[in-house]
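K.L.:
Before I ask anything, let me first share the structure, which is written out below as structure tokens.
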There are 2 protein chains.
Amino acid sequence: MTFKVGLLGLGTVGTGTVEILQDPAQRHPLLQELELYRVGVRSLDKLRKVDIPPERITTDLEAIVTDPEVDIVVEVIGGLEPACSLILKAIAHGKHVVTANKAAIARFGAEIFTAAEEAGVYVLLEAAVAGGIPVIEPLKQSLCVNRIHAVTGIVNGTTNYILTRMQAEGGDFDDILADAQRLGYAEADPTADVDGLDAADKIAILASLAFAGRIKLSEVYCEGIRQISATDIAYADKLGFVIKLLAIAKRDPQASVDTPHQLQVRVHPTLVPKSHPLASVNDVYNAILIEGSPIGQVMFFGPGAGAGPTASAVVSDILNIAAILKVERGVSTQANGKPLLDPLLACSHQHYCTIAPISELTTRFYARFHTQDYPGVIGKLGTCFGEHNVSLESVVQMNSQNNLAEIVVITHDVREGNFRAALDEIRNLPSFDSIPSVLRVVQ
Amino acid sequence: MTFKVGLLGLGTVGTGTVEILQDPAQRHPLLQELELYRVGVRSLDKLRKVDIPPERITTDLEAIVTDPEVDIVVEVIGGLEPACSLILKAIAHGKHVVTANKAAIARFGAEIFTAAEEAGVYVLLEAAVAGGIPVIEPLKQSLCVNRIHAVTGIVNGTTNYILTRMQAEGGDFDDILADAQRLGYAEADPTADVDGLDAADKIAILASLAFAGRIKLSEVYCEGIRQISATDIAYADKLGFVIKLLAIAKRDPQASVDTPHQLQVRVHPTLVPKSHPLASVNDVYNAILIEGSPIGQVMFFGPGAGAGPTASAVVSDILNIAAILKVERGVSTQANGKPLLDPLLACSHQHYCTIAPISELTTRFYARFHTQDYPGVIGKLGTCFGEHNVSLESVVQMNSQNNLAEIVVITHDVREGNFRAALDEIRNLPSFDSIPSVLRVVQ
């Protein structure tokens, strides 16, 4: 079975999407049933990072969304127009849609989802919030039986990067913004990020999913980080807090029986206790904390932007639709009348993985030795490790009493087999008493 | 449409499952189409936390898995037998299966999934790894187009609790294990947990999904935490590490072209740099870090056990199957021939949420004041806040120069409207110069 994809836009995310589609090895096998059927761009002359047969590229984006051959339209143009009109036209033509467009969904979600419902098509948008971090699908599926109380997120990488640097360097907002712009972490016009508007789009989308109702974006309270000073960051630090731009959607605890769906939805800089799970989410990383009953707290953490992570979400959405289409089409075509299983949910692999023996592992080690306390012991240790090709990162004498010294060694990456052979030899050296512990260090 | 659930086991997780099924308000509406049709228990005499009509309870578990009325069998008995035989018999009778049984899947996954594939039924197992944290479904769906490089997890709550306490208190393993047993965090026979066997089951399941191949559990290298001493924890701390029991599955970087699927799969205590995302996962919490291309790193964090979180995963799996069945049955019954949309993936809500105005928010505040530096200023501040029903947690004078003092206030939970009214009044007090910043504190 082949599923034909019409891609609108070949910018950063579009290019990342094509890169995955063109390199299916060691990814889900269903990927090989996708065909990159048409790619719509603004200009044919631009130099591209990816090779696409010229006959598949067009500047006529309308022709893609109306093409009867196309199964799934992928909108990664961004912005409101022509993206919204193209999404709506694709839906009207019975296409399933995958989009990364938070602005379009936050503003025109009502129109888009009503049209999709009527046309009987899916509109998936994992990439619209927190880039590659799975959060939309977990809210829809893995957490679907929970009564959600709150969704709290660090969902804007630019502001988190700025606040992290202000915290680390004690610098002022304007200086660090300027530097972030120079380094490409903030845009020339940083308004959407630093004034919290991007985060407001995202929390509106998350709130709508978490609380199963529509959200008027104009009702989302929004405060940015321009007014945060180095002084406040320093005082917050002294009091045990870091300052983060949080996007919060919460079932209002004051809501009455008459207004069970009353929510608070807001974006503002917030003092977060250092022990809070969101406090250690730094730099451009994003994280979303979901609280509900009976789940308690779960947090999703990862890269909130970037071509690769965002494309991961886009293509996974495409594959989710392809899996559903495969089942649907399979129902009518299977001769035995038995429904096909969803290829993403079924476990159909048959072969066994080969597992390398632990002696072949390459890792760093920590080991503690009890030795006689006299000069030259560390030298002996080093020589013995060296003979077995074990290179040391550090050797520290920690303690010494009753003529016994305690020595802690950390190695570089070494082959476990070599390291064990060295230990066997060291164990038999006359000056060595015992090796109370050997532990691996994470790579 | 109704989907009939046959529940095997009414222990902690089974009870949690019934509690969700019996209380569908504010959860996904599809929940109301599930019917708790039969509940299989070992003894009818036991006192139960949940009310189930007696005619639905039986000790004849075989009768449930062979009942032609049952659509979905939920196995939460645990252990290998009779669980495995019941799962296989349910599959043979065309039932879809939801299980929380990591031991059964890690040991007999091959038989179970082969049978399921032949019978055309799903076997879902989100609850088998990391309790309520969505990780199986994200691996299968949201991250399905990634080439996974590594899965690294803290997947055993008991050992993480013990190691966290050893780190915090400097205590020895045996003492803290005994205390954990007394408090119910460790079982009377702690072998499966402290020797890493439970973690090995879980990483075998995760590896199988991440690398799309079967795993022989006997080939998973496994080392527990019994030999970890307070000394090692202290030395690791000094060197910038914490010690965690990690479960690791990794594509072997040494793998050749002939062995592209060679993996390392292992469980052992590991030194983790304090800056590593897994280092701050403490107590009974679990976390799974997934690395792949193009996603980079994503981490899932949450409660790895407990009745509520585990039941959340069990019932979400049930609902995922119900959603698929609804689509399948809808295909043949819809008069217009148009496929029904998966009710979990479609956005069908129509109403708007009510969003409370920000003045109605109840939150803690941080505010910084510049005032004249003379005795009584703090008193004035306190009085004014008091008159507006704003209760203060702390008032600290941070700084004082040129006759101006800098005062930082943190409030208790207060109504934002009241707090703003107090600020308006304070702004007009003769001794107050300015209020350079007002920030909210996370609840």
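Letters A, B, ... go to the chains of the structure tokens in the order shown; residues in each chain start at 1; ligands are counted from 1 in the same order.
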Near Glu169 of chain A, within 10 Å and counting only C-alpha atoms, which residues show up once chain neighbours fewer than 6 positions away are dropped, as a PyMOL selection string?

P.N.:
chain A and resi 163+176+230

K.L.:
Pick out the residues sitting within 8 Å of Val315 of chain B, and hand them over as a count of residues only; count only C-alpha atoms, and ignore anything fewer than 3 positions along from it in its own chain.

P.N.:
8

K.L.:
List the neighbours of Arg56 of chain A out to 7 Å using only C-alpha atoms; skip same-chain residues closer than 5 positions along the sequence, and give me the result as a PyMOL selection string.

P.N.:
chain A and resi 37-39

K.L.:
Could the residues in this selection be written to a file with C-alpha atoms, as an mmCIF file, in the first residue's frame?

P.N.:
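So out08.cif came out as:
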```cif
data_model
loop_
_atom_site.group_PDB
_atom_site.id
_atom_site.type_symbol
_atom_site.label_atom_id
_atom_site.label_comp_id
_atom_site.auth_asym_id
_atom_site.auth_seq_id
_atom_site.Cartn_x
_atom_site.Cartn_y
_atom_site.Cartn_z
ATOM 1 C CA TYR A 37 4.244 12.825 -4.022
ATOM 2 C CA ARG A 38 4.352 16.607 -4.335
ATOM 3 C CA VAL A 39 6.310 19.390 -2.656
#
```

K.L.:
I'd like the neighbourhood of segment 371-383 of chain A as number ranges by chain, where a residue qualifies if any of its atoms comes within 9 Å (using only C-alpha atoms), though same-chain residues fewer than 2 positions away should be ignored.

P.N.:
A: 369, 385-388, 390-392, 395, 397, 400-407, 426, 429-435

K.L.:
Between atom CA of Lys49 of chain A and atom CA of Asp189 of chain A, what is the spacing in Å?

P.N.:
26.0 Å

K.L.:
I'd like to know which residues of segment 172-408 of chain B are strand (DSSP E) (by DSSP, run on the backbone); could you write them as a ChimeraX atom specification?

P.N.:
/B:221-222,241-251,262-273,285-293,296-303,354-355,362-372,392-401,404-408

K.L.:
For the residues in that selection, give me C-alpha atoms as a PDB file, in the first residue's frame.

P.N.:
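That gives us part.pdb:
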```pdb
ATOM      1  CA  TYR B 221      23.416  -8.344  31.981  1.00  0.00           C
ATOM      2  CA  CYS B 222      22.161  -7.613  35.470  1.00  0.00           C
ATOM      3  CA  PHE B 241      28.310  12.065  40.547  1.00  0.00           C
ATOM      4  CA  VAL B 242      25.273  10.371  42.049  1.00  0.00           C
ATOM      5  CA  ILE B 243      24.826   6.593  41.939  1.00  0.00           C
ATOM      6  CA  LYS B 244      21.673   5.333  40.194  1.00  0.00           C
ATOM      7  CA  LEU B 245      20.510   1.880  39.160  1.00  0.00           C
ATOM      8  CA  LEU B 246      20.279   2.368  35.398  1.00  0.00           C
ATOM      9  CA  ALA B 247      18.689   0.067  32.870  1.00  0.00           C
ATOM     10  CA  ILE B 248      20.349   0.664  29.517  1.00  0.00           C
ATOM     11  CA  ALA B 249      19.634  -0.569  26.007  1.00  0.00           C
ATOM     12  CA  LYS B 250      21.889   0.754  23.321  1.00  0.00           C
ATOM     13  CA  ARG B 251      22.674   0.077  19.716  1.00  0.00           C
ATOM     14  CA  GLN B 262      23.814  -5.811  17.873  1.00  0.00           C
ATOM     15  CA  LEU B 263      22.725  -4.263  21.156  1.00  0.00           C
ATOM     16  CA  GLN B 264      23.964  -3.757  24.663  1.00  0.00           C
ATOM     17  CA  VAL B 265      21.217  -4.430  27.190  1.00  0.00           C
ATOM     18  CA  ARG B 266      22.190  -4.150  30.830  1.00  0.00           C
ATOM     19  CA  VAL B 267      21.177  -3.164  34.342  1.00  0.00           C
ATOM     20  CA  HIS B 268      23.758  -1.987  36.845  1.00  0.00           C
ATOM     21  CA  PRO B 269      24.433   0.718  39.403  1.00  0.00           C
ATOM     22  CA  THR B 270      26.038   3.608  37.566  1.00  0.00           C
ATOM     23  CA  LEU B 271      27.801   6.864  38.388  1.00  0.00           C
ATOM     24  CA  VAL B 272      25.742   9.642  36.794  1.00  0.00           C
ATOM     25  CA  PRO B 273      27.123  13.211  36.546  1.00  0.00           C
ATOM     26  CA  TYR B 285      10.063   8.309  40.733  1.00  0.00           C
ATOM     27  CA  ASN B 286      10.985   6.700  37.419  1.00  0.00           C
ATOM     28  CA  ALA B 287      12.328   8.319  34.285  1.00  0.00           C
ATOM     29  CA  ILE B 288      13.229   7.094  30.824  1.00  0.00           C
ATOM     30  CA  LEU B 289      15.633   8.945  28.575  1.00  0.00           C
ATOM     31  CA  ILE B 290      15.344   8.115  24.888  1.00  0.00           C
ATOM     32  CA  GLU B 291      18.039   9.148  22.438  1.00  0.00           C
ATOM     33  CA  GLY B 292      17.544   8.910  18.725  1.00  0.00           C
ATOM     34  CA  SER B 293      17.858  10.574  15.398  1.00  0.00           C
ATOM     35  CA  GLY B 296      17.964  14.082  20.078  1.00  0.00           C
ATOM     36  CA  GLN B 297      17.102  13.439  23.726  1.00  0.00           C
ATOM     37  CA  VAL B 298      13.645  13.205  25.228  1.00  0.00           C
ATOM     38  CA  MET B 299      12.868  12.213  28.779  1.00  0.00           C
ATOM     39  CA  PHE B 300       9.666  10.938  30.390  1.00  0.00           C
ATOM     40  CA  PHE B 301       9.372  11.363  34.138  1.00  0.00           C
ATOM     41  CA  GLY B 302       6.733  10.336  36.648  1.00  0.00           C
ATOM     42  CA  PRO B 303       5.403   7.802  39.137  1.00  0.00           C
ATOM     43  CA  THR B 354     -14.724  29.555  30.524  1.00  0.00           C
ATOM     44  CA  ILE B 355     -11.505  31.235  31.474  1.00  0.00           C
ATOM     45  CA  THR B 362      -5.241  32.727  43.680  1.00  0.00           C
ATOM     46  CA  THR B 363      -1.468  32.559  43.786  1.00  0.00           C
ATOM     47  CA  ARG B 364       1.623  33.507  45.746  1.00  0.00           C
ATOM     48  CA  PHE B 365       3.412  36.702  44.761  1.00  0.00           C
ATOM     49  CA  TYR B 366       6.943  38.052  44.910  1.00  0.00           C
ATOM     50  CA  ALA B 367       7.210  41.853  44.887  1.00  0.00           C
ATOM     51  CA  ARG B 368      10.127  44.217  45.200  1.00  0.00           C
ATOM     52  CA  PHE B 369       9.716  47.715  46.661  1.00  0.00           C
ATOM     53  CA  HIS B 370      11.951  50.771  46.795  1.00  0.00           C
ATOM     54  CA  THR B 371      11.113  52.777  49.899  1.00  0.00           C
ATOM     55  CA  GLN B 372      12.529  55.477  52.131  1.00  0.00           C
ATOM     56  CA  LEU B 392       2.584  37.631  53.883  1.00  0.00           C
ATOM     57  CA  GLU B 393       4.984  34.712  54.057  1.00  0.00           C
ATOM     58  CA  SER B 394       8.171  36.774  54.290  1.00  0.00           C
ATOM     59  CA  VAL B 395       9.362  40.365  54.172  1.00  0.00           C
ATOM     60  CA  VAL B 396      13.101  40.833  53.710  1.00  0.00           C
ATOM     61  CA  GLN B 397      15.065  44.046  53.478  1.00  0.00           C
ATOM     62  CA  MET B 398      17.639  43.206  50.810  1.00  0.00           C
ATOM     63  CA  ASN B 399      19.617  46.356  50.360  1.00  0.00           C
ATOM     64  CA  SER B 400      19.836  49.950  51.404  1.00  0.00           C
ATOM     65  CA  GLN B 401      21.646  52.902  49.845  1.00  0.00           C
ATOM     66  CA  LEU B 404      16.457  54.104  49.860  1.00  0.00           C
ATOM     67  CA  ALA B 405      15.729  50.585  51.072  1.00  0.00           C
ATOM     68  CA  GLU B 406      14.910  47.603  48.890  1.00  0.00           C
ATOM     69  CA  ILE B 407      12.280  45.316  50.374  1.00  0.00           C
ATOM     70  CA  VAL B 408      11.218  41.950  48.959  1.00  0.00           C
TER      71      VAL B 408
END
```

K.L.:
Counting only C-alpha atoms, figure out which residue out of A:Ala128, A:Val123, A:Ala200, A:Ala322 gets nearest to chain B.

P.N.:
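Smallest separation from chain B among the options: A:Val123.
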
K.L.:
Do a neighbour search on Asp317 of chain A at 12 Å with only C-alpha atoms, toss out local chain neighbours closer than 4 positions, and write the hits as a PyMOL selection string.

P.N.:
(chain A and resi 5+17+31+72-75+96-100+122-128+132+134+136-137+310-313+321-324+344) or (chain B and resi 138+140-145+345)

K.L.:
Next, the residues of the selection above should be written as a PDB file, in the first residue's frame with C-alpha atoms.

P.N.:
```
ATOM      1  CA  VAL A   5       2.124  12.857   0.905  1.00  0.00           C
ATOM      2  CA  THR A  17      10.726  16.057   7.016  1.00  0.00           C
ATOM      3  CA  LEU A  31       7.812   4.631   6.424  1.00  0.00           C
ATOM      4  CA  ILE A  72      -2.058  13.415   3.502  1.00  0.00           C
ATOM      5  CA  VAL A  73      -1.253  17.118   3.306  1.00  0.00           C
ATOM      6  CA  VAL A  74       1.645  18.302   5.481  1.00  0.00           C
ATOM      7  CA  GLU A  75       1.600  22.022   6.184  1.00  0.00           C
ATOM      8  CA  HIS A  96      -5.864  14.283   6.232  1.00  0.00           C
ATOM      9  CA  VAL A  97      -3.644  17.070   7.519  1.00  0.00           C
ATOM     10  CA  VAL A  98      -0.461  17.202   9.565  1.00  0.00           C
ATOM     11  CA  THR A  99       0.653  20.631  10.675  1.00  0.00           C
ATOM     12  CA  ALA A 100       3.326  22.242  12.821  1.00  0.00           C
ATOM     13  CA  TYR A 122      -7.662  13.864  10.893  1.00  0.00           C
ATOM     14  CA  VAL A 123      -5.712  17.018  11.686  1.00  0.00           C
ATOM     15  CA  LEU A 124      -2.659  16.060  13.730  1.00  0.00           C
ATOM     16  CA  LEU A 125      -0.348  18.655  15.249  1.00  0.00           C
ATOM     17  CA  GLU A 126       2.251  17.067  17.528  1.00  0.00           C
ATOM     18  CA  ALA A 127       4.913  19.392  16.096  1.00  0.00           C
ATOM     19  CA  ALA A 128       2.950  22.532  16.978  1.00  0.00           C
ATOM     20  CA  GLY A 132       9.761  16.811  19.026  1.00  0.00           C
ATOM     21  CA  PRO A 134       5.590  13.820  22.514  1.00  0.00           C
ATOM     22  CA  ILE A 136      -0.149  16.040  22.169  1.00  0.00           C
ATOM     23  CA  GLU A 137      -0.413  12.305  21.502  1.00  0.00           C
ATOM     24  CA  THR A 310      10.151  19.061  14.832  1.00  0.00           C
ATOM     25  CA  ALA A 311      10.372  16.854  11.730  1.00  0.00           C
ATOM     26  CA  SER A 312      10.328  13.799  14.016  1.00  0.00           C
ATOM     27  CA  ALA A 313       6.915  14.913  15.274  1.00  0.00           C
ATOM     28  CA  ILE A 321      -2.433   8.556   9.826  1.00  0.00           C
ATOM     29  CA  ALA A 322      -0.933   6.040   7.397  1.00  0.00           C
ATOM     30  CA  ALA A 323      -1.378   3.304  10.018  1.00  0.00           C
ATOM     31  CA  ILE A 324      -5.064   4.157  10.402  1.00  0.00           C
ATOM     32  CA  LEU A 344       2.298   0.863  14.921  1.00  0.00           C
TER      33      LEU A 344
ATOM     34  CA  PRO B 138       5.340   7.139  22.644  1.00  0.00           C
ATOM     35  CA  LYS B 140       5.392   2.904  19.262  1.00  0.00           C
ATOM     36  CA  GLN B 141       3.736   6.040  17.918  1.00  0.00           C
ATOM     37  CA  SER B 142       5.089   9.517  18.691  1.00  0.00           C
ATOM     38  CA  LEU B 143       8.744   8.558  18.216  1.00  0.00           C
ATOM     39  CA  CYS B 144       8.196   5.811  15.629  1.00  0.00           C
ATOM     40  CA  VAL B 145      10.143   7.462  12.827  1.00  0.00           C
ATOM     41  CA  LEU B 345      -7.319  11.290  17.797  1.00  0.00           C
TER      42      LEU B 345
END
```
